[in-house]
$ cat coords08.cif   # mmCIF, C-alpha atoms
data_work
#
loop_
_atom_site.label_atom_id
_atom_site.label_comp_id
_atom_site.auth_asym_id
_atom_site.auth_seq_id
_atom_site.Cartn_x
_atom_site.Cartn_y
_atom_site.Cartn_z
CA MET E 1 49.36 105.63 57.91
CA LYS E 2 50.02 107.84 60.92
CA THR E 3 53.77 107.14 60.68
CA ILE E 4 53.85 108.19 57.02
CA ALA E 5 52.07 111.46 57.80
CA VAL E 6 54.54 112.22 60.60
CA SER E 7 57.45 111.39 58.28
CA ILE E 8 56.14 113.69 55.56
CA ARG E 9 55.52 116.57 58.01
CA THR E 10 58.99 116.10 59.51
CA THR E 11 60.62 116.05 56.07
CA VAL E 12 58.78 119.20 54.97
CA ALA E 13 59.60 120.97 58.24
CA LEU E 14 63.30 120.08 57.95
CA MET E 15 63.39 121.25 54.31
CA ILE E 16 61.90 124.60 55.36
CA ILE E 17 64.37 124.95 58.26
CA ILE E 18 67.36 124.13 56.03
CA LEU E 19 66.22 126.53 53.31
CA ALA E 20 65.58 129.29 55.86
CA TYR E 21 69.01 128.68 57.41
CA GLN E 22 70.73 128.97 54.04
CA LEU E 23 68.85 132.18 53.20
CA VAL E 24 69.69 133.73 56.58
CA VAL E 25 73.38 132.82 56.39
CA THR E 26 73.64 134.03 52.78
CA GLY E 27 71.82 137.25 53.66
CA ILE E 28 74.13 137.92 56.61
CA ALA E 29 77.21 137.18 54.49
CA GLN E 30 75.98 139.50 51.72
CA ALA E 31 75.30 142.27 54.24
CA VAL E 32 78.50 141.93 56.28
CA MET E 33 81.07 140.95 53.65
CA PRO E 34 79.61 141.08 50.13
CA ASP E 35 82.98 140.83 48.36
CA LYS E 36 83.88 137.58 50.10
CA ALA E 37 80.33 136.21 49.80
CA ASP E 38 80.51 136.70 46.04
CA GLY E 39 83.84 134.87 45.75
CA SER E 40 86.29 137.81 45.97
CA LEU E 41 86.00 138.32 42.24
CA ILE E 42 88.42 140.54 40.34
CA TYR E 43 87.12 142.70 37.50
CA ASN E 44 88.88 144.42 34.62
CA ASP E 45 88.24 148.00 33.47
CA LYS E 46 85.19 146.81 31.48
CA HIS E 47 83.73 145.26 34.65
CA GLU E 48 84.26 141.74 33.30
CA VAL E 49 85.27 139.02 35.75
CA ILE E 50 88.88 138.01 35.18
CA GLY E 51 89.33 135.79 38.22
CA SER E 52 89.10 135.42 41.96
CA LYS E 53 91.79 136.44 44.36
CA TRP E 54 91.46 132.99 45.98
CA ILE E 55 91.94 130.84 42.86
CA GLY E 56 95.21 130.73 40.96
CA GLN E 57 95.58 130.99 37.21
CA ASN E 58 98.12 129.48 34.85
CA PHE E 59 100.53 132.14 33.57
CA THR E 60 103.10 130.89 31.07
CA SER E 61 104.19 134.04 29.25
CA PRO E 62 107.73 135.12 30.14
CA GLY E 63 106.38 138.62 30.85
CA TYR E 64 104.30 137.46 33.82
CA PHE E 65 105.02 135.97 37.20
CA HIS E 66 104.35 132.24 37.24
CA GLY E 67 102.45 130.58 40.05
CA ARG E 68 102.53 127.13 41.50
CA ILE E 69 101.97 124.03 39.43
CA SER E 70 98.39 122.81 39.40
CA SER E 71 97.64 119.20 38.51
CA ILE E 72 94.00 120.22 38.00
CA GLU E 73 94.78 123.29 35.84
CA TYR E 74 93.27 125.56 38.53
CA ASN E 75 89.81 124.11 37.82
CA ALA E 76 87.80 125.08 40.90
CA VAL E 77 85.06 122.57 40.17
CA SER E 78 86.98 119.96 42.13
CA SER E 79 90.01 120.89 44.12
CA GLY E 80 92.74 118.47 45.01
CA THR E 81 96.02 117.19 43.79
CA PRO E 82 97.68 113.81 43.47
CA ASN E 83 99.17 112.81 46.77
CA TYR E 84 102.37 111.43 45.28
CA ALA E 85 105.28 110.38 47.40
CA PRO E 86 108.62 111.98 46.48
CA SER E 87 109.70 108.63 45.03
CA ASN E 88 106.68 108.29 42.71
CA PRO E 89 107.88 108.08 39.08
CA ASP E 90 105.17 110.49 37.85
CA MET E 91 106.15 113.01 40.51
CA LEU E 92 109.83 112.67 39.64
CA GLU E 93 109.11 113.17 35.91
CA ARG E 94 106.93 116.22 36.52
CA THR E 95 109.51 117.74 38.83
CA LYS E 96 112.34 117.12 36.35
CA ALA E 97 110.24 118.70 33.57
CA SER E 98 109.52 121.71 35.80
CA VAL E 99 113.20 122.16 36.59
CA GLU E 100 114.12 121.92 32.90
CA ALA E 101 111.45 124.50 32.04
CA TRP E 102 112.88 126.75 34.76
CA LYS E 103 116.38 126.48 33.29
CA THR E 104 115.07 127.35 29.81
CA GLU E 105 112.93 130.30 30.94
CA ASN E 106 115.38 131.67 33.52
CA PRO E 107 118.88 130.97 32.19
CA GLY E 108 120.56 133.47 34.50
CA ILE E 109 119.16 131.95 37.71
CA PRO E 110 120.75 128.69 38.90
CA VAL E 111 118.50 125.81 39.90
CA SER E 112 119.93 126.06 43.42
CA GLU E 113 117.99 129.35 43.77
CA LEU E 114 114.72 127.87 42.48
CA PRO E 115 112.13 128.06 45.30
CA VAL E 116 110.42 124.73 45.82
CA ASP E 117 106.93 126.25 45.62
CA LEU E 118 107.46 126.92 41.89
CA ILE E 119 107.83 123.19 41.17
CA THR E 120 105.29 121.73 43.63
CA ASN E 121 101.50 121.64 43.89
CA SER E 122 99.57 123.16 46.72
CA GLY E 123 97.24 120.80 48.58
CA SER E 124 94.17 122.12 46.76
CA GLY E 125 95.78 122.71 43.37
CA LEU E 126 94.15 126.17 43.45
CA ASP E 127 96.57 128.25 45.53
CA PRO E 128 96.95 131.74 44.01
CA HIS E 129 99.98 132.56 46.16
CA ILE E 130 103.71 132.02 45.87
CA SER E 131 106.42 132.83 48.36
CA VAL E 132 108.06 136.25 48.22
CA GLU E 133 111.29 134.48 47.22
CA ALA E 134 109.49 132.76 44.32
CA ALA E 135 108.31 136.14 43.07
CA GLN E 136 111.68 137.85 43.49
CA VAL E 137 113.62 135.16 41.66
CA GLN E 138 111.43 135.70 38.56
CA ILE E 139 112.12 139.44 38.36
CA PRO E 140 115.09 139.28 35.93
CA ARG E 141 113.07 137.26 33.37
CA ILE E 142 110.06 139.57 33.59
CA SER E 143 112.20 142.69 33.40
CA LYS E 144 113.93 141.41 30.28
CA SER E 145 110.63 140.41 28.67
CA THR E 146 108.60 143.54 29.51
CA GLY E 147 111.18 146.29 29.79
CA ILE E 148 109.99 147.13 33.29
CA SER E 149 112.99 147.88 35.48
CA GLU E 150 113.92 145.35 38.14
CA GLU E 151 113.49 148.09 40.74
CA GLN E 152 109.87 148.72 39.63
CA LEU E 153 109.17 144.99 39.71
CA LYS E 154 110.61 144.73 43.23
CA GLU E 155 108.26 147.55 44.27
CA LEU E 156 105.30 145.71 42.75
CA VAL E 157 106.26 142.52 44.59
CA ALA E 158 106.55 144.48 47.85
CA LYS E 159 103.17 146.13 47.19
CA HIS E 160 101.51 142.71 46.79
CA THR E 161 103.30 140.95 49.65
CA GLN E 162 100.86 139.73 52.27
CA GLU E 163 102.37 139.48 55.72
CA ARG E 164 101.90 136.57 58.12
CA GLU E 165 98.54 136.31 59.85
CA LEU E 166 98.76 137.95 63.28
CA GLY E 167 102.46 138.41 62.56
CA VAL E 168 103.33 134.76 63.22
CA LEU E 169 101.00 132.39 61.35
CA GLY E 170 101.92 131.15 57.89
CA GLU E 171 104.45 132.64 55.52
CA ARG E 172 104.70 135.92 53.65
CA VAL E 173 103.11 135.37 50.23
CA VAL E 174 102.33 137.17 46.99
CA ASN E 175 99.07 136.81 45.05
CA VAL E 176 100.20 136.07 41.49
CA LEU E 177 97.02 137.26 39.73
CA LEU E 178 96.95 140.62 41.52
CA LEU E 179 100.66 141.09 40.90
CA ASN E 180 100.33 140.25 37.19
CA ILE E 181 97.44 142.70 36.82
CA ASP E 182 99.78 145.45 38.03
CA VAL E 183 102.55 144.20 35.72
CA GLN E 184 100.13 144.46 32.79
CA LYS E 185 99.03 147.96 33.87
CA THR E 186 102.68 149.03 34.09
CA VAL E 187 103.41 147.64 30.60
CA ASN E 188 100.33 149.41 29.22
CA GLY E 189 101.26 152.66 30.98
CA LYS E 190 98.13 152.85 33.14
#
$ encode --input "coords08.cif" --output "structure tokens"
Amino acid sequence: MKTIAVSIRTTVALMIIILAYQLVVTGIAQAVMPDKADGSLIYNDKHEVIGSKWIGQNFTSPGYFHGRISSIEYNAVSSGTPNYAPSNPDMLERTKASVEAWKTENPGIPVSELPVDLITNSGSGLDPHISVEAAQVQIPRISKSTGISEEQLKELVAKHTQERELGVLGERVVNVLLLNIDVQKTVNGK
């Protein structure tokens, strides 16, 4: 009987400690960096959530920049992607389909200039970023579709280019959602 009482007291004490820890950490995060603590959400003019700057979205319209392929359709409930070898038949088929789609959507850009990040998954399947080269190579299609000059689109890509961390870590990338929001604002004249 004594062992059961000790077990119950220990369980209750640990539950209180864990709950208190979570409340303290959440409170500190909300006080120090509320935007990040809330998921770095992006709002439209009506203050409606349209996404997070850390989770990609699937853009297929020719008037928008396209992001990376996502085997999970950017569903943040469970991140991950198939870990296919380059020789896997499913991977080969998906890659061939992606290259064919590229040729159809971007007839003036040869496949040899197609950046690999536009036809491959990220490790999480949620990556909202593409390389600067992947953004720049899409400019002619978007210009033709929207009427925005290529020069304006280059400026938008430059505006949304994130440099390497500490100047050396990672690659220069562009957040597709943030870039496409500015493309839409430019089209709408805002």
$ closest_residue --input "coords08.cif" --among "E:Pro82, E:Gly170, E:Gly63, E:Gly56" --to "Asp182 in chain E" --atoms "all atoms listed in the file"
E:Gly63
$ residues_around --input "coords08.cif" --residues "range 117-121 of chain E" --least-positions-apart "3" --cutoff "10 Å" --atoms "only C-alpha atoms" --output "JSON, numbers by chain"
{"E": [66, 67, 68, 69, 70, 71, 72, 80, 81, 82, 83, 91, 94, 95, 96, 97, 98, 99, 101, 102, 114, 124, 125, 126, 127, 129, 130, 131, 133, 134, 135]}
$ closest_residue --input "coords08.cif" --among "E:Thr60, E:Ser112, E:Thr104, E:Thr161" --to "Val173 in chain E" --atoms "all atoms listed in the file"
E:Thr161
$ closest_residue --input "coords08.cif" --among "E:Gln22, E:Ser52, E:Gln136, E:Asn175" --to "Gln152 in chain E" --atoms "all atoms listed in the file"
E:Gln136
$ residues_around --input "coords08.cif" --residues "Gln138 in chain E" --least-positions-apart "5" --cutoff "9 Å" --atoms "all atoms listed in the file" --output "compact mmCIF listing (two decimals) with C-alpha atoms, in the coordinates of the input"
# COMPACT_ATOMS: atom_id res chain seq x y z
CA TYR E 64 104.30 137.46 33.82
CA PHE E 65 105.02 135.97 37.20
CA HIS E 66 104.35 132.24 37.24
CA ASN E 106 115.38 131.67 33.52
CA ILE E 109 119.16 131.95 37.71
CA GLU E 133 111.29 134.48 47.22
CA SER E 143 112.20 142.69 33.40
$ atom_distance --input "coords08.cif" --atom1 "CA of Lys185 in chain E" --atom2 "CA of Leu156 in chain E"
11.1 Å
$ atom_distance --input "coords08.cif" --atom1 "CA of Asn188 in chain E" --atom2 "CA of Ile55 in chain E"
24.5 Å
$ atom_distance --input "coords08.cif" --atom1 "CA of Leu177 in chain E" --atom2 "CA of Val157 in chain E"
11.7 Å
$ resolve_selection --input "coords08.cif" --expression "the PyMOL selection byres ((chain E and resi 39) around 12)" --output "VMD selection string"
chain E and resid 29 to 30 33 to 38 40 to 43 49 51 to 55 76
$ closest_residue --input "coords08.cif" --among "E:Leu92, E:Ala5, E:Ala31, E:Ile50" --to "Asn180 in chain E" --atoms "all atoms listed in the file"
E:Ile50
$ axis_aligned_box --input "coords08.cif" --around "range 69-88 of chain E" --padding-each-side "8 Å" --output "AutoDock Vina command-line options"
--center_x 97.4 --center_y 116.9 --center_z 41.6 --size_x 40.6 --size_y 33.3 --size_z 27.6
$ build_atoms --input "coords08.cif" --residues "range 91-102 of chain E" --atoms "all heavy atoms" --output "PDB file, in the coordinates of the input"
ATOM      1  N   MET E  91     105.729 111.803  39.804  1.00  0.00           N
ATOM      2  CA  MET E  91     106.150 113.010  40.510  1.00  0.00           C
ATOM      3  C   MET E  91     107.575 113.387  40.112  1.00  0.00           C
ATOM      4  O   MET E  91     107.871 114.563  39.868  1.00  0.00           O
ATOM      5  CB  MET E  91     106.072 112.768  42.024  1.00  0.00           C
ATOM      6  CG  MET E  91     106.566 113.922  42.853  1.00  0.00           C
ATOM      7  SD  MET E  91     105.452 115.307  42.733  1.00  0.00           S
ATOM      8  CE  MET E  91     105.962 116.228  44.140  1.00  0.00           C
ATOM      9  N   LEU E  92     108.446 112.403  40.030  1.00  0.00           N
ATOM     10  CA  LEU E  92     109.830 112.670  39.640  1.00  0.00           C
ATOM     11  C   LEU E  92     109.900 113.243  38.223  1.00  0.00           C
ATOM     12  O   LEU E  92     110.636 114.202  37.971  1.00  0.00           O
ATOM     13  CB  LEU E  92     110.670 111.398  39.749  1.00  0.00           C
ATOM     14  CG  LEU E  92     110.910 110.897  41.176  1.00  0.00           C
ATOM     15  CD1 LEU E  92     111.569 109.520  41.152  1.00  0.00           C
ATOM     16  CD2 LEU E  92     111.761 111.872  41.961  1.00  0.00           C
ATOM     17  N   GLU E  93     109.122 112.672  37.302  1.00  0.00           N
ATOM     18  CA  GLU E  93     109.110 113.170  35.910  1.00  0.00           C
ATOM     19  C   GLU E  93     108.601 114.596  35.842  1.00  0.00           C
ATOM     20  O   GLU E  93     109.161 115.439  35.148  1.00  0.00           O
ATOM     21  CB  GLU E  93     108.258 112.259  35.015  1.00  0.00           C
ATOM     22  CG  GLU E  93     108.978 111.079  34.458  1.00  0.00           C
ATOM     23  CD  GLU E  93     110.270 111.458  33.746  1.00  0.00           C
ATOM     24  OE1 GLU E  93     110.251 112.309  32.831  1.00  0.00           O
ATOM     25  OE2 GLU E  93     111.307 110.895  34.121  1.00  0.00           O
ATOM     26  N   ARG E  94     107.489 114.864  36.539  1.00  0.00           N
ATOM     27  CA  ARG E  94     106.930 116.220  36.520  1.00  0.00           C
ATOM     28  C   ARG E  94     107.893 117.221  37.119  1.00  0.00           C
ATOM     29  O   ARG E  94     108.067 118.324  36.607  1.00  0.00           O
ATOM     30  CB  ARG E  94     105.594 116.255  37.259  1.00  0.00           C
ATOM     31  CG  ARG E  94     104.836 117.546  36.921  1.00  0.00           C
ATOM     32  CD  ARG E  94     103.802 117.946  37.901  1.00  0.00           C
ATOM     33  NE  ARG E  94     104.436 118.380  39.121  1.00  0.00           N
ATOM     34  CZ  ARG E  94     103.952 118.146  40.324  1.00  0.00           C
ATOM     35  NH1 ARG E  94     102.845 117.486  40.477  1.00  0.00           N
ATOM     36  NH2 ARG E  94     104.573 118.571  41.397  1.00  0.00           N
ATOM     37  N   THR E  95     108.553 116.839  38.187  1.00  0.00           N
ATOM     38  CA  THR E  95     109.510 117.740  38.830  1.00  0.00           C
ATOM     39  C   THR E  95     110.704 117.993  37.918  1.00  0.00           C
ATOM     40  O   THR E  95     111.143 119.135  37.770  1.00  0.00           O
ATOM     41  CB  THR E  95     109.973 117.157  40.182  1.00  0.00           C
ATOM     42  OG1 THR E  95     108.808 116.936  40.998  1.00  0.00           O
ATOM     43  CG2 THR E  95     110.907 118.094  40.899  1.00  0.00           C
ATOM     44  N   LYS E  96     111.215 116.948  37.281  1.00  0.00           N
ATOM     45  CA  LYS E  96     112.340 117.120  36.350  1.00  0.00           C
ATOM     46  C   LYS E  96     111.936 118.039  35.192  1.00  0.00           C
ATOM     47  O   LYS E  96     112.705 118.907  34.787  1.00  0.00           O
ATOM     48  CB  LYS E  96     112.798 115.763  35.801  1.00  0.00           C
ATOM     49  CG  LYS E  96     113.568 114.941  36.795  1.00  0.00           C
ATOM     50  CD  LYS E  96     113.948 113.581  36.201  1.00  0.00           C
ATOM     51  CE  LYS E  96     114.601 112.701  37.231  1.00  0.00           C
ATOM     52  NZ  LYS E  96     114.867 111.346  36.709  1.00  0.00           N
ATOM     53  N   ALA E  97     110.718 117.848  34.669  1.00  0.00           N
ATOM     54  CA  ALA E  97     110.240 118.700  33.570  1.00  0.00           C
ATOM     55  C   ALA E  97     110.115 120.150  34.038  1.00  0.00           C
ATOM     56  O   ALA E  97     110.457 121.084  33.292  1.00  0.00           O
ATOM     57  CB  ALA E  97     108.896 118.187  33.047  1.00  0.00           C
ATOM     58  N   SER E  98     109.653 120.352  35.262  1.00  0.00           N
ATOM     59  CA  SER E  98     109.520 121.710  35.800  1.00  0.00           C
ATOM     60  C   SER E  98     110.883 122.369  35.970  1.00  0.00           C
ATOM     61  O   SER E  98     111.043 123.557  35.679  1.00  0.00           O
ATOM     62  CB  SER E  98     108.792 121.677  37.147  1.00  0.00           C
ATOM     63  OG  SER E  98     107.483 121.214  36.995  1.00  0.00           O
ATOM     64  N   VAL E  99     111.855 121.622  36.421  1.00  0.00           N
ATOM     65  CA  VAL E  99     113.200 122.160  36.590  1.00  0.00           C
ATOM     66  C   VAL E  99     113.806 122.503  35.229  1.00  0.00           C
ATOM     67  O   VAL E  99     114.426 123.565  35.058  1.00  0.00           O
ATOM     68  CB  VAL E  99     114.097 121.174  37.379  1.00  0.00           C
ATOM     69  CG1 VAL E  99     115.558 121.602  37.336  1.00  0.00           C
ATOM     70  CG2 VAL E  99     113.614 121.060  38.817  1.00  0.00           C
ATOM     71  N   GLU E 100     113.601 121.642  34.239  1.00  0.00           N
ATOM     72  CA  GLU E 100     114.120 121.920  32.900  1.00  0.00           C
ATOM     73  C   GLU E 100     113.457 123.166  32.303  1.00  0.00           C
ATOM     74  O   GLU E 100     114.120 123.995  31.672  1.00  0.00           O
ATOM     75  CB  GLU E 100     113.926 120.710  31.968  1.00  0.00           C
ATOM     76  CG  GLU E 100     114.835 119.547  32.295  1.00  0.00           C
ATOM     77  CD  GLU E 100     116.313 119.914  32.324  1.00  0.00           C
ATOM     78  OE1 GLU E 100     116.787 120.609  31.395  1.00  0.00           O
ATOM     79  OE2 GLU E 100     116.998 119.517  33.290  1.00  0.00           O
ATOM     80  N   ALA E 101     112.151 123.298  32.503  1.00  0.00           N
ATOM     81  CA  ALA E 101     111.450 124.500  32.040  1.00  0.00           C
ATOM     82  C   ALA E 101     112.003 125.742  32.721  1.00  0.00           C
ATOM     83  O   ALA E 101     112.187 126.788  32.088  1.00  0.00           O
ATOM     84  CB  ALA E 101     109.944 124.369  32.289  1.00  0.00           C
ATOM     85  N   TRP E 102     112.291 125.631  34.023  1.00  0.00           N
ATOM     86  CA  TRP E 102     112.880 126.750  34.760  1.00  0.00           C
ATOM     87  C   TRP E 102     114.207 127.157  34.129  1.00  0.00           C
ATOM     88  O   TRP E 102     114.471 128.332  33.913  1.00  0.00           O
ATOM     89  CB  TRP E 102     113.072 126.384  36.222  1.00  0.00           C
ATOM     90  CG  TRP E 102     113.856 127.427  36.964  1.00  0.00           C
ATOM     91  CD1 TRP E 102     115.194 127.418  37.220  1.00  0.00           C
ATOM     92  CD2 TRP E 102     113.364 128.660  37.468  1.00  0.00           C
ATOM     93  NE1 TRP E 102     115.564 128.569  37.877  1.00  0.00           N
ATOM     94  CE2 TRP E 102     114.452 129.349  38.035  1.00  0.00           C
ATOM     95  CE3 TRP E 102     112.103 129.253  37.504  1.00  0.00           C
ATOM     96  CZ2 TRP E 102     114.314 130.590  38.633  1.00  0.00           C
ATOM     97  CZ3 TRP E 102     111.971 130.481  38.106  1.00  0.00           C
ATOM     98  CH2 TRP E 102     113.059 131.140  38.661  1.00  0.00           C
TER      99      TRP E 102
END
